[in-house]
Amino acid sequence: MARNVFDYIIEEKLPFFWCEGCGNGIILKTIAKVFADLNLDPREIVVVTGIGCWGKADDYLSVNSLHVTHGRALPAATGVKLVNPNLKVLALMGDGDGLTIGGNHFIHAARRNIDITAIISNNFNYGMTGGQVSGTTPEKSITSTSRFGSVEPPFDVVNLAIAAGASYVARATVYHVNLLEKYIKNAIMKKGFSVVDVINVCPTYFGRLNKLKTSVEMMEFLRDNSTFNKNEGDINSNKFALGEFVNIEKPDFSTKYLEVQKQAKEKIFSLEQDSGAR
Amino acid sequence: MSKRFKVKINEQRCKKCGICVAFCPKKVLRIDINTFPIVDKEEECIGCNLCYLRCPDIAIFVEEKGEGVV
Amino acid sequence: MHEDIKFLQGNEACVEGALKAGARFYAGYPITPSSEIAELASIRLPAEGGVFIQMEDEIASMAALVGASFAGAKAFTATSGPGFSLMQENIGLAIMTEAPCVVINVQRSGPSTGLATKPAQADVMQARWGTHGDHAAIVLAPATVQECYDLIIYAFNFAEKYRTPVVFLSDEIVGHMREKVVLHNNIPIVQRKMPNIDPGKYRPYEPEKTGVPPLAYFGSEYTFHASSSMHDETGFPNNSPQNAEKVVKRLYNKIYQNKEDIIITKEFCTEDAEILFISFGASARSSREAVNILRKQGKKAGLLQLNTLWPFPDEKVRNLADRAKIVVVPEMNLGQIIGEVQRVLNNGIPVIGVNKVNSEIITPFEIIEKIKEVI
Amino acid sequence: MGRIEVVLAGSGGQGLLLIGKILGEAAAIFDGKNAVQTTAYGVATRGGFSKSEVIISEDEIAFPEAMDPDYIVCLSPQAFEIYKGRIKEGAILIYDKNTIKCENNEYYGFSMTNAAVELKNIRILNMIALGILVKISGIVSLEAIIESLKKNSPDQFRDQNLRAFYKGFEMVL
């Protein structure tokens, strides 16, 4: 029987608690739509979330979910995945959660190529706590803790993920919904660490402080400042390069670890002797 | 094209952000100050479903007449 | 020679006990003096079909334990002071989400980096109150290599039985000493209590009479929601004051109402003891030697060794101290367990601390020297 | 036999931990007594003062460290400086007389380094010292120490460790 979004999103829990015009609902519905299109069994999906507005996504899901501490969705998801590699594991993280306090975990999960899909809701600020500066806030942007314009250059999530070794890296915006759906689907189907950097809108804080009052204005901004030419993209000047930047096949951690388990079974006695003799 | 699609708004979920109205390629919808989206020109709807896809609150649905939800 | 009698380090015996208890997942970050645990786990776990992973830090390690636990594995980690400090955040996560797991802290001299290769017993209060918020804690402390093996099995058993993280508070002396250890099967292994109802009706935080909710695992026929945020029995957020009070009290009571099951102590020559030592870990060894020496001198000394530090064995201490003329608490810190002893014994009996923080073990002579004026 | 305390002192990297383990395991497992082996070391693996202690007893061992050692083996001048003149009456101090200057003829000096050089491997100094200690003290049986030594030597080092042990054992007349 064909599944639909309400096989994954609990309809009775709606409306979402997110602000009017917040793009988180767009991303969450798109994820649920991809689950449905792929006909995934909710029992075999685990969604891990951290803290922040996007960290509330699991509140609406009927799949397995684990809501953890700020920045720690990826290491918790790593624990889930390594114990049961058959599970589809997603980590839903904001830019503050996943790339700032959790930045170290992000690069190491990518480096290890753990088979997890990281969906970054990137709205350039900490929405939940009142719009403070984050690790992806473009330089000169106004936030509630950078009232005179941020002096810090931001991370480019895509470049960071590529450098750290992810198997799949793509960027879309909440305006480009068809792209978003395609990239999330490809990311979930990818065996290995996959990242979708979703440029999102936060009209309540980031928009209001940066002369984009409504989500409609912010969506128009995303529409008018996106490019499919990678070389034209520059997060720092609010020019968003969209597309699939990495899509490669390489063995994920769990697959490679099967060989470790095999070797350990064969060599255990000599190794123990060796370690005991020091 | 004849009137093939029905656009429905779930007013329990809609937060009146106006995204569906602003980006409808056929200007099917209209919104006044603090109202829910008003289905103005349903006959113009081409069933592209972008309003559904962009709605942050899963509050708007396009149905093909006689065939249920798209 | 029997196969299962070995001459092992305390740290090695921890791994043997963990495997016996059914541990199949380890996530950790190397730190002296605990690293032998990681090294041996990295060999033994994959051979048992389990997984070892060295994470980027202790924060991540503890988070991974919680994830692994919900995926159905008995999970553990090992660290020392600086790493234990980093783990506190997600020890709280394990308490709140009720994720069974075991955290070994092989204590070293602090604060901060301190003397990295030297022992201390100064994390007793951190093990109790390290993570924020009101909560209970189960903390076990070994004094021998055999106890490393035995008690770590209890640690896993308590973790699964009470759906909680258990802290295993070893120290550099016990962790690095080698002794004879029997790798026996005498301790029954507790398996996680799974729900036994229709999957549609499963509520992951609905407790049984014991105060503990049965726990499914991700990938089973039960789907469920686990949350670090205040949640009700469904696992979904619930911000009502009534619910918050209920949850905090249940998390506390599920440990304290079962403390008789959790408290493990050992007694040496306590039957007629007038000089009662109360100690744990390496200092219990010193205390026991002091008892031997004092007994040879005709003095009625005895030792209550605490294997369970938390919940603190109030009644046991009170009962034994009833017969004593003085109570002596040797510990390698400036006075942590002694505070609990004083809280319990408010009857005027003298309670004397023997404290040492120079990174060397307390010797039996130092203990006797300290109390010779009063005995 | 009551409580016997052995201190093996020298510098990091000399393999004191290993011979402590071999001695302790010989007593605890192969001779069926009780034994505790502990170590003290600095932050570096090589160099710097390092010691390993072994307590052997037929009774249960409470305090795990040496209080008043019966046997002390010194393999570095630094270790010797720490223990000389501080040993109890009747205790035996064994040292490497090729590297340690000692004027006290109550101590037991052996040409350990020279013996190691003869065997073309300075890293088996520890095994030579172990052979000397076992012969002088008799704290473990020869069968037990050989079993333990074999068990605790990786395959590729087993023969040379045994050779060095016997070399030390035979240096004691």
# chains A, B, ... in the order shown; residues from 1 in each chain; ligands from 1
>>> select_by_dssp(residues="stretch 4-252 of chain C", states="strand (DSSP E)", output="VMD selection string")
chain C and resid 5 to 9 23 to 28 51 to 54 74 to 79 101 to 109 115 to 119 138 to 140 165 to 171 178 to 182 225 to 227
>>> residues_around(residues="D:Ala35", least_positions_apart="6", cutoff="8 Å", atoms="only C-alpha atoms", output="PyMOL selection string")
(chain C and resi 178-180) or (chain D and resi 24-25+27-28+54-57+61)
>>> write_last_selection(atoms="C-alpha atoms", output="tab-separated table (two decimals), in the first residue's frame")
chain	number	residue	atom	x	y	z
C	178	ARG	CA	47.68	-7.09	38.70
C	179	GLU	CA	46.14	-9.83	40.79
C	180	LYS	CA	44.69	-13.24	40.47
D	24	GLY	CA	53.62	-12.11	39.96
D	25	GLU	CA	51.93	-14.50	37.57
D	27	ALA	CA	53.55	-16.90	42.09
D	28	ALA	CA	49.80	-16.34	41.70
D	54	VAL	CA	55.41	-7.51	43.53
D	55	ILE	CA	53.95	-8.72	46.80
D	56	ILE	CA	53.76	-12.49	47.25
D	57	SER	CA	52.00	-14.25	50.09
D	61	ILE	CA	47.17	-9.52	50.40
>>> atom_distance(atom1="atom CA of A:Leu66", atom2="atom CA of A:Phe6")
19.4 Å
>>> select_by_dssp(residues="chain B", states="helix (DSSP H, G or I)", output="number ranges by chain")
B: 19-22, 42-44, 50-54
>>> write_last_selection(atoms="all heavy atoms", output="CSV table (one decimal), in the first residue's frame")
chain,number,residue,atom,x,y,z
B,19,ILE,N,3.1,32.3,1.9
B,19,ILE,CA,4.1,31.7,0.9
B,19,ILE,C,3.3,31.1,-0.3
B,19,ILE,O,3.7,31.3,-1.5
B,19,ILE,CB,5.0,30.7,1.6
B,19,ILE,CG1,6.0,31.4,2.5
B,19,ILE,CG2,5.7,29.8,0.5
B,19,ILE,CD1,6.8,30.4,3.3
B,20,CYS,N,2.2,30.4,0.0
B,20,CYS,CA,1.5,29.8,-1.1
B,20,CYS,C,0.9,30.8,-2.1
B,20,CYS,O,0.9,30.6,-3.3
B,20,CYS,CB,0.3,28.9,-0.5
B,20,CYS,SG,-0.8,29.8,0.5
B,21,VAL,N,0.5,32.0,-1.5
B,21,VAL,CA,0.0,33.0,-2.4
B,21,VAL,C,1.1,33.7,-3.2
B,21,VAL,O,0.9,33.8,-4.4
B,21,VAL,CB,-0.7,34.1,-1.5
B,21,VAL,CG1,-1.3,35.2,-2.3
B,21,VAL,CG2,-1.8,33.5,-0.6
B,22,ALA,N,2.2,34.0,-2.6
B,22,ALA,CA,3.2,34.7,-3.2
B,22,ALA,C,3.8,34.0,-4.4
B,22,ALA,O,4.3,34.6,-5.4
B,22,ALA,CB,4.3,35.1,-2.2
B,42,GLU,N,-9.7,29.4,-8.8
B,42,GLU,CA,-9.4,28.0,-8.8
B,42,GLU,C,-9.4,27.4,-10.2
B,42,GLU,O,-8.6,26.5,-10.5
B,42,GLU,CB,-10.5,27.2,-8.0
B,42,GLU,CG,-10.1,25.9,-7.6
B,42,GLU,CD,-11.0,25.3,-6.5
B,42,GLU,OE1,-12.2,25.2,-6.7
B,42,GLU,OE2,-10.5,25.0,-5.4
B,43,GLU,N,-10.1,28.0,-11.1
B,43,GLU,CA,-10.1,27.5,-12.5
B,43,GLU,C,-8.8,27.6,-13.2
B,43,GLU,O,-8.5,27.0,-14.2
B,43,GLU,CB,-11.3,28.2,-13.3
B,43,GLU,CG,-11.0,29.7,-13.6
B,43,GLU,CD,-11.4,30.6,-12.4
B,43,GLU,OE1,-11.8,30.0,-11.3
B,43,GLU,OE2,-11.3,31.8,-12.5
B,44,GLU,N,-7.9,28.5,-12.6
B,44,GLU,CA,-6.6,28.8,-13.2
B,44,GLU,C,-5.6,27.7,-12.8
B,44,GLU,O,-4.5,27.6,-13.3
B,44,GLU,CB,-6.1,30.2,-12.8
B,44,GLU,CG,-6.9,31.3,-13.3
B,44,GLU,CD,-6.6,31.6,-14.8
B,44,GLU,OE1,-5.4,31.6,-15.2
B,44,GLU,OE2,-7.6,31.8,-15.6
B,50,LEU,N,3.0,23.3,-6.1
B,50,LEU,CA,4.1,24.0,-5.4
B,50,LEU,C,3.6,24.6,-4.1
B,50,LEU,O,4.3,24.8,-3.1
B,50,LEU,CB,4.6,25.1,-6.3
B,50,LEU,CG,5.6,24.6,-7.4
B,50,LEU,CD1,5.9,25.8,-8.4
B,50,LEU,CD2,6.9,24.2,-6.7
B,51,CYS,N,2.3,25.0,-4.1
B,51,CYS,CA,1.8,25.6,-2.8
B,51,CYS,C,1.8,24.5,-1.7
B,51,CYS,O,2.2,24.9,-0.6
B,51,CYS,CB,0.3,26.1,-3.0
B,51,CYS,SG,-0.8,24.8,-3.6
B,52,TYR,N,1.5,23.3,-2.0
B,52,TYR,CA,1.6,22.2,-1.0
B,52,TYR,C,3.1,22.0,-0.6
B,52,TYR,O,3.4,21.9,0.5
B,52,TYR,CB,1.0,20.9,-1.6
B,52,TYR,CG,1.3,19.7,-0.8
B,52,TYR,CD1,0.7,19.4,0.4
B,52,TYR,CD2,2.3,18.8,-1.3
B,52,TYR,CE1,1.0,18.3,1.1
B,52,TYR,CE2,2.6,17.7,-0.5
B,52,TYR,CZ,2.0,17.4,0.7
B,52,TYR,OH,2.3,16.3,1.4
B,53,LEU,N,3.9,21.9,-1.7
B,53,LEU,CA,5.3,21.6,-1.4
B,53,LEU,C,6.0,22.7,-0.5
B,53,LEU,O,6.8,22.5,0.3
B,53,LEU,CB,6.1,21.4,-2.7
B,53,LEU,CG,5.7,20.2,-3.5
B,53,LEU,CD1,6.4,20.2,-4.8
B,53,LEU,CD2,6.0,18.9,-2.7
B,54,ARG,N,5.6,24.0,-0.8
B,54,ARG,CA,6.2,25.1,0.0
B,54,ARG,C,5.5,25.5,1.3
B,54,ARG,O,6.0,26.3,2.0
B,54,ARG,CB,6.3,26.3,-0.9
B,54,ARG,CG,7.3,26.2,-2.1
B,54,ARG,CD,7.9,27.6,-2.5
B,54,ARG,NE,8.8,27.4,-3.6
B,54,ARG,CZ,8.5,27.6,-4.9
B,54,ARG,NH1,7.3,27.9,-5.2
B,54,ARG,NH2,9.4,27.4,-5.8
>>> residues_around(residues="stretch 117-132 of chain D", least_positions_apart="5", cutoff="9 Å", atoms="only C-alpha atoms", output="ChimeraX atom specification")
/D:13-16,18-20,23,73,75,94-96,110,112,137,160-172
>>> interface_residues(of="chain A", to="chain C", cutoff="6 Å", atoms="only C-alpha atoms", output="PyMOL selection string")
chain A and resi 43-44+64-68+75-80+83+261+264-265
>>> residues_around(residues="B:Lys65", least_positions_apart="6", cutoff="10 Å", atoms="only C-alpha atoms", output="ChimeraX atom specification")
/B:3-7
>>> atom_distance(atom1="atom CA of A:Tyr168", atom2="atom CA of A:Val246")
4.9 Å
>>> residues_around(residues="stretch 320-330 of chain C", least_positions_apart="2", cutoff="10 Å", atoms="only C-alpha atoms", output="ChimeraX atom specification")
/C:267,270-280,282-284,286-287,300-304,315-318,332-339,341-342,344-345,347-356,362-364,366-367,370-371,374-375
>>> closest_residue(among="D:Lys21, D:Lys101, D:Lys51, D:Arg86", to="D:Gln37", atoms="only C-alpha atoms")
D:Lys21
>>> interface_residues(of="chain A", to="chain B", cutoff="9 Å", atoms="only C-alpha atoms", output="PyMOL selection string")
chain A and resi 14-16+18-30+174-178+214-216+219-220
>>> interface_residues(of="chain C", to="chain D", cutoff="12 Å", atoms="only C-alpha atoms", output="ChimeraX atom specification")
/C:1-10,31-33,113-119,143-146,172-182,268,281-293,303,359-366
>>> atom_distance(atom1="atom CA of C:Arg108", atom2="atom CA of C:Pro165")
21.1 Å
>>> closest_residue(among="D:Leu142, D:Leu17, D:Ala91, D:Ile4", to="chain A", atoms="only C-alpha atoms")
D:Leu17
>>> interface_residues(of="chain D", to="chain A", cutoff="7 Å", atoms="only C-alpha atoms", output="count of residues only")
4
>>> residues_around(residues="stretch 189-204 of chain C", least_positions_apart="2", cutoff="7 Å", atoms="only C-alpha atoms", output="NGL selection string")
:C and (21 or 157 or 160-161 or 187 or 206 or 213-216 or 221-222 or 224 or 233-235)
>>> residues_around(residues="A:Trp54", least_positions_apart="6", cutoff="9 Å", atoms="only C-alpha atoms", output="list in words")
Trp18, Asn24, Leu92, Met93, Gly94, Asp97, Ile120, Ser121 and Met128 of chain A
